[in-house]
2 protein chains.
Amino acid sequence: MGDLLDRDTARTYASWFRALADPTRVQIVEYLARHARPMSVGEVVAAVGLAQSTVSQHLKILTEVRFVLVEPVGTARHYRVNDACVGCFPSAADVVMGRPAPEPNGVC
Amino acid sequence: MGDLLDRDTARTYASWFRALADPTRVQIVEYLARHARPMSVGEVVAAVGLAQSTVSQHLKILTEVRFVLVEPVGTARHYRVNDACVGCFPSAADVVMGRPAPEPNGVC
DNA sequence: ATCGTCAATCGGCGATCGACGATGATGAGG
DNA sequence: CCTCATCATCGTCGATCGCCGATTGACGAT
């Protein structure tokens, strides 16, 4: 076992990339980004044509890494892309250079 | 069913991100990158401390998107990071802007 | 030709994923 | 208070994942 990147750092990187490792989530993110205004779950459901519970799960995964932000509005919840994260989202170059992964919990 | 990013484009993006969506693969890529010279499977096995078959599987996934290149050398096979792909690897900004995903099969 | 080495592939196992329907929680409006 | 609307959560199912040991295949050396 030679010298490797810290397992924790690798895990953090993996969790970032995993957020976009599903085609439906890619579509959801692009959809949220194109319509600049925050969108409700129902709108996303209508867009992707999957069950509401499925969309809710995907949005949960995206918000867990703070790549998507949520704000309660009445009985609805509005989701939008975290513009700060668009820039800080790890790149392949970050991995190759062994840079510390951006912490999803902290400020991006 | 509103206007969405093409499913194929989304799938291609997802396959890119999936390559780095596992901590072991992140470690392997960083390991290959740091030791600039092409490395054999056995060296990677010794580094990560997993079974040879497991490492072989990970390397297969990484080479399928051409993010890692392989070259047969005698009975061994040498793996290295595809430097061209380090720059072309899709970013979160690419997804947000709905840009066409780089084709893993073509020239990066 | 045979043996040893290196790595890909196969089959299996437990864990996780993506999808669904059903249920539960919360807030707005009558 | 009750109802409706919106969304999260739960339980389940089949598919895939990550890992392993064992086998197979390809090559170099004896």
# chains A, B, ... in the order shown; residues from 1 in each chain; ligands from 1
$ interface_residues --of "chain B" --to "chain A" --cutoff "10 Å" --atoms "only C-alpha atoms" --output "PyMOL selection string"
chain B and resi 1-34+43-50+67+81+83+85-99
$ interface_residues --of "chain B" --to "chain C" --cutoff "9 Å" --atoms "only C-alpha atoms (C1' of nucleotides)" --output "PyMOL selection string"
chain B and resi 41-42+52-53+56-57+75-77
$ interface_residues --of "chain D" --to "chain A" --cutoff "9 Å" --atoms "only C-alpha atoms (C1' of nucleotides)" --output "list in words"
DA5, DT6, DC7, DA8 and DT9 of chain D
$ write_last_selection --atoms "N, CA, C and O atoms (P, O5', C5', C4', C3', O3' and C1' of nucleotides)" --output "tab-separated table (two decimals), in the first residue's frame"
chain	number	residue	atom	x	y	z
D	5	DA	P	-56.76	20.32	-4.57
D	5	DA	O5'	-55.29	20.91	-4.35
D	5	DA	C5'	-55.13	22.28	-4.01
D	5	DA	C4'	-53.69	22.56	-3.65
D	5	DA	C3'	-52.68	21.82	-4.53
D	5	DA	O3'	-51.65	22.72	-4.91
D	5	DA	C1'	-52.28	21.30	-2.25
D	6	DT	P	-50.55	22.26	-5.99
D	6	DT	O5'	-49.24	21.97	-5.12
D	6	DT	C5'	-48.76	22.96	-4.23
D	6	DT	C4'	-47.70	22.38	-3.33
D	6	DT	C3'	-46.66	21.52	-4.07
D	6	DT	O3'	-45.38	22.09	-3.89
D	6	DT	C1'	-47.41	20.48	-2.08
D	7	DC	P	-44.19	21.62	-4.80
D	7	DC	O5'	-43.43	20.58	-3.86
D	7	DC	C5'	-42.89	21.05	-2.62
D	7	DC	C4'	-42.73	19.89	-1.66
D	7	DC	C3'	-41.72	18.82	-2.06
D	7	DC	O3'	-40.52	19.01	-1.31
D	7	DC	C1'	-43.67	17.93	-0.98
D	8	DA	P	-39.32	17.96	-1.41
D	8	DA	O5'	-39.48	17.06	-0.10
D	8	DA	C5'	-39.57	17.69	1.16
D	8	DA	C4'	-39.70	16.66	2.28
D	8	DA	C3'	-38.62	15.59	2.29
D	8	DA	O3'	-38.25	15.30	3.64
D	8	DA	C1'	-40.75	14.58	2.00
D	9	DT	P	-37.07	14.23	3.91
D	9	DT	O5'	-37.85	12.86	4.21
D	9	DT	C5'	-38.88	12.84	5.19
D	9	DT	C4'	-39.55	11.47	5.21
D	9	DT	C3'	-38.57	10.28	5.17
D	9	DT	O3'	-38.87	9.43	6.25
D	9	DT	C1'	-40.30	10.02	3.59
$ atom_distance --atom1 "atom CA of Pro38 of chain B" --atom2 "atom CA of Leu69 of chain B"
9.1 Å
$ atom_distance --atom1 "atom CA of Pro100 of chain A" --atom2 "atom CA of Thr63 of chain B"
24.3 Å
$ select_by_dssp --residues "chain B" --states "strand (DSSP E)" --output "list in words"
Met39, Ser40, Val68, Leu69, Val70, Glu71, Pro72, Val73, Ala76, Arg77, His78, Tyr79, Arg80 and Val81 of chain B
$ atom_distance --atom1 "atom CA of Glu64 of chain B" --atom2 "atom CA of Ala84 of chain B"
14.9 Å
